[in-house]
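See below for protein_16.tsv, which holds TSV, C-alpha atoms and all ligand atoms.
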```tsv
chain	number	residue	atom	x	y	z
R	279	MET	CA	107.38	123.68	105.17
R	280	SER	CA	108.56	127.01	103.77
R	281	LYS	CA	106.18	129.09	101.69
R	282	THR	CA	106.26	131.88	99.15
R	283	PHE	CA	104.43	135.12	99.84
R	284	ILE	CA	103.92	138.00	97.44
R	285	VAL	CA	103.02	141.40	98.86
R	286	ILE	CA	101.38	143.83	96.43
R	287	PRO	CA	100.45	147.40	97.42
R	288	THR	CA	97.56	148.86	95.46
R	289	TYR	CA	96.16	152.31	94.95
R	290	ASN	CA	93.72	152.62	92.06
R	291	GLU	CA	94.71	149.48	90.21
R	292	ARG	CA	91.25	148.02	89.51
R	293	GLU	CA	92.03	146.99	85.97
R	294	ASN	CA	95.58	145.80	86.56
R	295	LEU	CA	95.08	143.64	89.65
R	296	PRO	CA	92.91	140.86	88.13
R	297	ILE	CA	95.30	140.52	85.17
R	298	LEU	CA	98.31	140.41	87.47
R	299	LEU	CA	96.81	137.75	89.73
R	300	GLU	CA	95.82	135.59	86.81
R	301	ARG	CA	99.39	135.72	85.48
R	302	ILE	CA	100.90	134.98	88.88
R	303	PHE	CA	98.68	132.00	89.66
R	304	ALA	CA	99.18	130.61	86.15
R	305	LEU	CA	102.79	129.96	87.24
R	306	GLN	CA	101.58	127.26	89.63
R	307	ILE	CA	104.13	128.12	92.29
R	308	PRO	CA	103.72	125.68	95.17
R	309	GLU	CA	102.77	126.96	98.63
R	310	LEU	CA	102.05	130.44	97.31
R	311	GLU	CA	100.06	133.05	99.18
R	312	LEU	CA	99.36	136.63	98.18
R	313	MET	CA	98.77	139.71	100.25
R	314	VAL	CA	97.28	142.84	98.73
R	315	VAL	CA	97.54	146.04	100.76
R	316	ASP	CA	94.94	148.52	99.54
R	317	ASP	CA	94.64	152.07	100.81
R	318	ASN	CA	90.89	152.43	100.28
R	319	SER	CA	91.40	153.10	96.57
R	320	PRO	CA	88.69	155.45	95.27
R	321	ASP	CA	88.35	153.28	92.15
R	322	GLY	CA	87.23	150.27	94.23
R	323	THR	CA	90.38	148.15	93.92
R	324	GLY	CA	89.82	146.96	97.50
R	325	LYS	CA	86.43	145.44	96.63
R	326	ILE	CA	87.83	143.80	93.53
R	327	ALA	CA	90.62	142.33	95.66
R	328	ASP	CA	88.03	140.93	98.10
R	329	GLU	CA	86.26	139.28	95.17
R	330	LEU	CA	89.54	137.82	93.89
R	331	ALA	CA	90.24	136.46	97.38
R	332	LYS	CA	87.27	134.12	96.94
R	333	LYS	CA	89.01	132.57	93.96
R	334	TYR	CA	92.70	132.65	94.92
R	335	PRO	CA	94.85	132.10	98.05
R	336	LEU	CA	94.91	135.84	98.71
R	337	ARG	CA	94.50	137.99	101.78
R	338	VAL	CA	93.56	141.63	101.55
R	339	LEU	CA	94.65	144.23	104.04
R	340	HIS	CA	92.44	147.30	103.92
R	341	ARG	CA	93.81	150.56	105.22
R	342	GLU	CA	91.78	153.71	105.72
R	343	GLY	CA	93.38	155.96	103.18
R	344	LYS	CA	96.48	156.60	101.10
R	345	GLN	CA	99.41	156.41	103.48
R	346	GLY	CA	102.31	155.82	101.11
R	347	LEU	CA	104.00	152.87	99.49
R	348	GLY	CA	106.54	152.28	102.26
R	349	THR	CA	104.00	152.03	105.05
R	350	ALA	CA	101.81	149.77	102.89
R	351	TYR	CA	104.73	147.38	102.52
R	352	VAL	CA	105.50	147.46	106.22
R	353	ALA	CA	101.89	146.63	107.06
R	354	GLY	CA	101.88	143.76	104.55
R	355	PHE	CA	105.28	142.44	105.62
R	356	LYS	CA	104.27	142.38	109.30
R	357	GLU	CA	101.17	140.35	108.51
R	358	VAL	CA	103.10	137.91	106.36
R	359	LEU	CA	106.01	137.53	108.78
R	360	SER	CA	103.67	136.70	111.62
R	361	LYS	CA	102.71	133.47	109.87
R	362	ALA	CA	105.60	132.66	107.53
R	363	PRO	CA	107.41	129.40	108.38
R	364	ALA	CA	111.24	129.51	108.60
R	365	GLY	CA	112.95	129.68	105.22
R	366	SER	CA	109.95	131.26	103.51
R	367	ARG	CA	110.49	133.80	100.75
R	368	ILE	CA	108.65	137.11	100.59
R	369	ILE	CA	108.41	138.84	97.23
R	370	GLN	CA	107.32	142.42	96.71
R	371	MET	CA	106.04	143.77	93.41
R	372	ASP	CA	103.96	146.56	91.92
R	373	ALA	CA	100.38	145.95	90.83
R	374	ASP	CA	100.57	147.94	87.61
R	375	LEU	CA	102.05	145.15	85.42
R	376	SER	CA	105.42	146.90	85.28
R	377	HIS	CA	106.91	143.81	86.94
R	378	ASP	CA	106.55	140.66	84.85
R	379	PRO	CA	105.38	137.67	86.92
R	380	LEU	CA	107.41	135.41	84.64
R	381	VAL	CA	110.48	136.61	86.56
R	382	ILE	CA	109.17	135.20	89.85
R	383	PRO	CA	110.65	131.69	89.37
R	384	ALA	CA	114.06	133.26	88.67
R	385	LEU	CA	113.79	135.37	91.83
R	386	LEU	CA	113.01	132.25	93.84
R	387	THR	CA	115.88	130.29	92.31
R	388	ALA	CA	118.33	133.12	93.01
R	389	SER	CA	117.07	133.37	96.57
R	390	LYS	CA	118.43	129.90	97.30
R	391	ALA	CA	121.90	131.45	97.45
R	392	SER	CA	120.95	135.01	98.48
R	393	ASP	CA	119.00	136.51	101.34
R	394	LEU	CA	117.76	139.36	99.17
R	395	VAL	CA	117.39	139.26	95.39
R	396	LEU	CA	116.94	142.54	93.56
R	397	GLY	CA	115.11	142.59	90.25
R	398	SER	CA	117.44	144.95	88.42
R	399	ARG	CA	116.96	147.16	85.38
R	400	TYR	CA	120.59	148.18	85.40
R	401	VAL	CA	122.53	144.93	85.05
R	402	PRO	CA	123.29	143.26	81.68
R	403	GLY	CA	120.05	141.85	80.32
R	404	GLY	CA	117.91	144.29	82.27
R	405	LYS	CA	115.98	147.08	80.59
R	406	ILE	CA	113.25	149.67	80.78
R	407	GLU	CA	110.52	149.92	78.19
R	408	GLN	CA	108.55	153.04	77.36
R	409	TRP	CA	110.19	155.46	79.74
R	410	GLY	CA	110.90	158.94	78.48
R	411	PHE	CA	114.28	160.60	78.71
R	412	SER	CA	113.57	162.58	81.89
R	413	ARG	CA	112.26	159.60	83.87
R	414	ARG	CA	115.30	157.57	82.84
R	415	LEU	CA	117.61	160.36	83.83
R	416	ILE	CA	115.96	160.80	87.25
R	417	SER	CA	116.13	157.06	87.92
R	418	LYS	CA	119.76	156.77	86.78
R	419	PHE	CA	120.80	159.78	88.80
R	420	GLY	CA	118.87	158.59	91.87
R	421	ASN	CA	120.61	155.23	91.75
R	422	LEU	CA	124.04	156.73	91.23
R	423	TYR	CA	123.49	159.18	94.08
R	424	ALA	CA	122.32	156.47	96.48
R	425	ARG	CA	125.17	154.15	95.49
R	426	ILE	CA	127.79	156.79	96.12
R	427	ILE	CA	126.34	158.23	99.33
R	428	LEU	CA	125.60	154.83	100.85
R	429	GLY	CA	128.68	153.08	99.47
R	430	LEU	CA	126.69	150.26	97.87
R	431	SER	CA	127.68	148.35	94.74
R	432	TYR	CA	124.21	147.26	93.60
R	433	HIS	CA	123.01	148.81	90.36
R	434	ASP	CA	119.29	149.11	90.99
R	435	LEU	CA	118.44	150.41	94.43
R	436	THR	CA	115.12	152.05	93.64
R	437	GLY	CA	113.36	149.08	92.05
R	438	GLY	CA	110.38	147.48	93.73
R	439	PHE	CA	110.61	143.89	92.48
R	440	LYS	CA	112.52	142.05	95.20
R	441	CYS	CA	112.63	138.76	97.04
R	442	PHE	CA	113.59	138.46	100.71
R	443	ARG	CA	114.29	135.36	102.69
R	444	LYS	CA	112.16	135.56	105.79
R	445	GLU	CA	115.18	135.88	108.06
R	446	ALA	CA	116.50	138.92	106.16
R	447	LEU	CA	113.18	140.72	106.19
R	448	GLU	CA	112.67	139.97	109.85
R	449	ALA	CA	116.02	141.53	110.70
R	450	ILE	CA	114.90	144.91	109.36
R	451	ASP	CA	113.61	147.12	112.12
R	452	PHE	CA	110.47	148.53	110.52
R	453	LEU	CA	110.09	151.10	113.26
R	454	ALA	CA	113.46	152.55	112.34
R	455	LEU	CA	112.53	153.05	108.67
R	456	SER	CA	112.32	156.72	107.88
R	457	SER	CA	110.66	156.47	104.49
R	458	VAL	CA	106.96	156.50	103.82
R	459	GLY	CA	107.37	156.70	100.05
R	460	TYR	CA	109.55	155.13	97.43
R	461	ASN	CA	112.79	155.70	99.28
R	462	PHE	CA	111.68	152.65	101.21
R	463	GLN	CA	113.25	150.51	98.46
R	464	ILE	CA	116.68	152.00	98.96
R	465	GLU	CA	116.39	151.86	102.73
R	466	THR	CA	115.46	148.18	103.04
R	467	THR	CA	118.32	147.13	100.74
R	468	TYR	CA	120.76	149.32	102.65
R	469	LEU	CA	119.68	147.88	106.01
R	470	ALA	CA	119.89	144.29	104.73
R	471	HIS	CA	123.37	145.03	103.37
R	472	LYS	CA	124.50	146.58	106.66
R	473	ALA	CA	123.21	143.58	108.57
R	474	GLY	CA	125.51	141.40	106.44
R	475	PHE	CA	122.90	139.60	104.37
R	476	ARG	CA	123.83	138.24	100.93
R	477	ILE	CA	122.33	140.35	98.16
R	478	CYS	CA	122.32	139.68	94.42
R	479	GLU	CA	120.74	141.22	91.34
R	480	ILE	CA	118.99	139.50	88.47
R	481	PRO	CA	118.01	141.29	85.25
R	482	ILE	CA	114.41	142.35	84.71
R	483	THR	CA	112.58	144.24	82.00
R	484	PHE	CA	110.55	147.04	83.53
R	485	THR	CA	107.53	148.05	81.46
R	486	GLU	CA	105.77	151.36	82.00
R	487	ARG	CA	102.19	151.02	83.19
R	488	LYS	CA	99.60	150.97	80.41
R	489	ILE	CA	96.51	151.41	82.59
R	490	GLY	CA	95.94	153.79	85.49
R	491	LEU	CA	97.80	156.80	86.81
R	492	SER	CA	101.34	157.05	88.09
R	493	LYS	CA	101.85	158.16	91.67
R	494	PHE	CA	105.35	159.29	90.88
R	495	ASN	CA	105.95	162.97	91.70
R	496	TRP	CA	108.55	165.48	92.79
R	497	ASN	CA	107.96	164.76	96.49
R	498	ILE	CA	109.30	161.27	95.89
R	499	ILE	CA	112.49	162.68	94.44
R	500	PHE	CA	112.94	165.16	97.28
R	501	GLU	CA	112.22	162.56	99.93
R	502	SER	CA	114.86	160.26	98.44
R	503	PHE	CA	117.40	163.03	98.10
R	504	TRP	CA	117.56	163.98	101.75
R	505	LYS	CA	116.56	160.65	103.30
R	506	VAL	CA	119.46	158.87	101.58
R	507	PHE	CA	121.72	161.52	103.05
R	508	LEU	CA	120.19	161.08	106.52
R	509	LEU	CA	120.58	157.31	106.25
R	510	ARG	CA	124.26	157.76	105.64
R	511	LEU	CA	124.61	160.16	108.58
R	512	ARG	CA	122.90	157.71	110.92
R	513	GLY	CA	125.39	155.13	109.70
F	1	LIG	N1	98.63	150.77	99.29
F	1	LIG	C1	99.29	151.72	98.60
F	1	LIG	N2	99.82	151.42	97.40
F	1	LIG	C2	100.48	152.40	96.72
F	1	LIG	C3	100.64	153.70	97.24
F	1	LIG	N3	101.35	154.44	96.32
F	1	LIG	C4	101.62	153.61	95.29
F	1	LIG	N4	101.09	152.37	95.52
F	1	LIG	C5	101.19	151.16	94.68
F	1	LIG	O1	102.57	150.88	94.57
F	1	LIG	C6	102.91	150.40	93.27
F	1	LIG	C7	103.91	151.36	92.62
F	1	LIG	O2	103.29	152.62	92.38
F	1	LIG	P1	103.27	153.33	90.94
F	1	LIG	O3	102.25	154.41	90.92
F	1	LIG	O4	103.17	152.32	89.87
F	1	LIG	O5	104.65	154.01	90.96
F	1	LIG	P2	105.80	153.90	89.93
F	1	LIG	O6	105.93	152.50	89.47
F	1	LIG	O7	106.98	154.55	90.52
F	1	LIG	O8	105.29	154.86	88.82
F	1	LIG	P3	104.54	154.53	87.44
F	1	LIG	O9	104.89	153.14	87.04
F	1	LIG	O10	105.01	155.57	86.54
F	1	LIG	O11	103.10	154.61	87.71
F	1	LIG	C8	101.59	150.28	92.53
F	1	LIG	O12	101.10	148.97	92.69
F	1	LIG	C9	100.71	151.30	93.24
F	1	LIG	O13	99.34	151.00	93.14
F	1	LIG	C10	100.06	154.00	98.51
F	1	LIG	O14	100.13	155.10	99.05
F	1	LIG	N5	99.40	152.97	99.15
F	2	MG	MG	104.51	151.68	88.45
```

Reformat the file's structure so that it appears as structure tokens.
Ligand SMILES: Nc1nc2c(ncn2[C@@H]2O[C@H](COP(=O)(O)OP(=O)(O)OP(=O)(O)O)[C@@H](O)[C@H]2O)c(=O)[nH]1
Ligand SMILES: [Mg+2]
Amino acid sequence: MSKTFIVIPTYNERENLPILLERIFALQIPELELMVVDDNSPDGTGKIADELAKKYPLRVLHREGKQGLGTAYVAGFKEVLSKAPAGSRIIQMDADLSHDPLVIPALLTASKASDLVLGSRYVPGGKIEQWGFSRRLISKFGNLYARIILGLSYHDLTGGFKCFRKEALEAIDFLALSSVGYNFQIETTYLAHKAGFRICEIPITFTERKIGLSKFNWNIIFESFWKVFLLRLRG
């Protein structure tokens, strides 16, 4: 029987994680299993996750230190894929409550007809709450740049709220991924598209984190800028 897995990377999310898990499990999604990938968060998120694992169907992957969002996802995906039955869906989302768990059922419904569903801020009905002008501009520009360079028609390539069918995720060669950081989001969608998988977007409302610190920085922008270009060159 197919299952649903949700992979959540965490770095210093001690206050957000318990709230997020409570909201997810309140949805009563059948055959649901969670995987938290924690990079030895200094604030003790890893220990909190271990405690939560006593209460919920949750596995926690502990890594030694902060190694980047992309590699955290790869580690979590590998674990999940090794035990996911055929037809399972694998969802990825942030821990900071920016991604509303209430969207999860819609992601799963859309994934019946698509191999990859993108939670999108930039389709009708989608929006961003509490982002300042500069962050909006950077995100808009980043998406436009990636769309043009990579020749993709999807509107939100940098979002991190996505649902893969197992077969689509499995087809991505993790060893070939060049991104350790946020560019990972663009790269996985691009590779799924190139492999001929069906991709769709559903609207989401993205809410800026209320608790904890952002890990967003200029390195992320620079990495995306040249890695998108390299992706295109590699074809
Ligand atoms: N395991 C792990 N998780 C990370 C790492 N960097 C970020 N994360 C997690 O990835 C998710 C997204 O990171 P955020 O800091 O929220 O980044 P963002 O959403 O672009 O920026 P803000 O919402 O402005 O904070 C969150 O759940 C983070 O805790 C990392 O190096 N390792
Ligand atoms: Mg965030």

Find the nearest atom pair between each residue of region 362-445 of chain R and region 480-487 of chain R for residues within 9 Å, count all atoms listed in the file, give distances in Å to one decimal, sort rows by chain and ascending number, and present the table as a Markdown table.
```
| residue | atom | partner | partner_atom | distance |
| --- | --- | --- | --- | --- |
| R:Asp374 | CA | R:Arg487 | CA | 5.6 |
| R:Leu375 | CA | R:Arg487 | CA | 6.3 |
| R:Ser376 | CA | R:Thr485 | CA | 4.5 |
| R:His377 | CA | R:Phe484 | CA | 5.9 |
| R:Asp378 | CA | R:Thr483 | CA | 7.6 |
| R:Val381 | CA | R:Ile482 | CA | 7.2 |
| R:Ala384 | CA | R:Ile480 | CA | 8.0 |
| R:Leu385 | CA | R:Ile480 | CA | 7.4 |
| R:Ala388 | CA | R:Ile480 | CA | 7.9 |
| R:Val395 | CA | R:Ile480 | CA | 7.1 |
| R:Leu396 | CA | R:Ile480 | CA | 6.3 |
| R:Gly397 | CA | R:Ile480 | CA | 5.3 |
| R:Ser398 | CA | R:Pro481 | CA | 4.9 |
| R:Arg399 | CA | R:Ile482 | CA | 5.5 |
| R:Tyr400 | CA | R:Pro481 | CA | 7.4 |
| R:Val401 | CA | R:Pro481 | CA | 5.8 |
| R:Pro402 | CA | R:Pro481 | CA | 6.7 |
| R:Gly403 | CA | R:Pro481 | CA | 5.4 |
| R:Gly404 | CA | R:Pro481 | CA | 4.2 |
| R:Lys405 | CA | R:Thr483 | CA | 4.6 |
| R:Ile406 | CA | R:Phe484 | CA | 4.7 |
| R:Glu407 | CA | R:Thr485 | CA | 4.8 |
| R:Gln408 | CA | R:Glu486 | CA | 5.7 |
| R:Trp409 | CA | R:Glu486 | CA | 6.4 |
| R:Phe439 | CA | R:Ile482 | CA | 8.8 |
```

Test item: residues at most 12 Å from Val315 (chain R), only C-alpha atoms, excluding those fewer than 5 positions along its chain, as a CSV table (one decimal) with C-alpha atoms, in the frame of the given file:
```csv
chain,number,residue,atom,x,y,z
R,284,ILE,CA,103.9,138.0,97.4
R,285,VAL,CA,103.0,141.4,98.9
R,286,ILE,CA,101.4,143.8,96.4
R,287,PRO,CA,100.4,147.4,97.4
R,288,THR,CA,97.6,148.9,95.5
R,289,TYR,CA,96.2,152.3,95.0
R,290,ASN,CA,93.7,152.6,92.1
R,291,GLU,CA,94.7,149.5,90.2
R,295,LEU,CA,95.1,143.6,89.6
R,323,THR,CA,90.4,148.2,93.9
R,324,GLY,CA,89.8,147.0,97.5
R,325,LYS,CA,86.4,145.4,96.6
R,327,ALA,CA,90.6,142.3,95.7
R,328,ASP,CA,88.0,140.9,98.1
R,336,LEU,CA,94.9,135.8,98.7
R,337,ARG,CA,94.5,138.0,101.8
R,338,VAL,CA,93.6,141.6,101.6
R,339,LEU,CA,94.6,144.2,104.0
R,340,HIS,CA,92.4,147.3,103.9
R,341,ARG,CA,93.8,150.6,105.2
R,342,GLU,CA,91.8,153.7,105.7
R,343,GLY,CA,93.4,156.0,103.2
R,344,LYS,CA,96.5,156.6,101.1
R,345,GLN,CA,99.4,156.4,103.5
R,346,GLY,CA,102.3,155.8,101.1
R,347,LEU,CA,104.0,152.9,99.5
R,348,GLY,CA,106.5,152.3,102.3
R,349,THR,CA,104.0,152.0,105.0
R,350,ALA,CA,101.8,149.8,102.9
R,351,TYR,CA,104.7,147.4,102.5
R,352,VAL,CA,105.5,147.5,106.2
R,353,ALA,CA,101.9,146.6,107.1
R,354,GLY,CA,101.9,143.8,104.6
R,355,PHE,CA,105.3,142.4,105.6
R,356,LYS,CA,104.3,142.4,109.3
R,357,GLU,CA,101.2,140.4,108.5
R,358,VAL,CA,103.1,137.9,106.4
R,370,GLN,CA,107.3,142.4,96.7
R,371,MET,CA,106.0,143.8,93.4
R,372,ASP,CA,104.0,146.6,91.9
R,373,ALA,CA,100.4,146.0,90.8
```

Here is a test: counting all atoms listed in the file, which residue of R:Arg292, R:Val314, R:His471, R:Ile382 is nearest to Gly429 (chain R)?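 The closest residue to Gly429 (chain R) is R:His471.
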
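CA of Leu386 (chain R) is found 25.4 Å from atom N5 of ligand LIG 1 (chain F).
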
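Residue nearest ligand LIG 1 (chain F), chosen from R:Trp496, R:Phe475, R:Phe283, R:Tyr460 and counting all atoms listed in the file: R:Tyr460.
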
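Distances to Arg510 (chain R) were evaluated for R:Gln463, R:Ser319, R:Tyr423, R:Phe411 using all atoms listed in the file, and the minimum falls at R:Tyr423.
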
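Residue nearest ligand MG 2 (chain F) within the list R:Ile489, R:Leu453, R:Cys478, R:Ala470: R:Ile489 [criterion: smallest interatomic distance, all atoms listed in the file].
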
For the atom pair CA of Phe507 (chain R) and CA of Ala473 (chain R), what is the interatomic distance in Å to one decimal place?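 Taking CA of Phe507 (chain R) and CA of Ala473 (chain R), their separation equals 18.8 Å.
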
For a quick check of understanding, using all atoms listed in the file, which of R:Leu330, R:Val506, R:Leu491, R:Ile498 has the smallest distance to ligand MG 2 (chain F)?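 Residue with the minimum atom-to-atom distance to ligand MG 2 (chain F): R:Leu491.
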
Report, in Å to a single decimal, how far apart CA of Asn318 (chain R) and atom C1 of ligand LIG 1 (chain F) are.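 Between atom C1 of ligand LIG 1 (chain F) and CA of Asn318 (chain R) the gap works out to 8.6 Å.
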
Point out the residue among R:Leu469, R:Ile368, R:Ile499, R:Ile427 with the least atom-to-atom distance to ligand LIG 1 (chain F), counting all atoms listed in the file.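 Checking each candidate against ligand LIG 1 (chain F), we get R:Ile499 as the closest.
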
Take the point (112.6, 154.3, 97.7) as written in the file and pick out every residue within 8 Å of it, counting all atoms listed in the file; give the list as a ChimeraX atom specification. /R:348,435-437,457,459-465,498,502
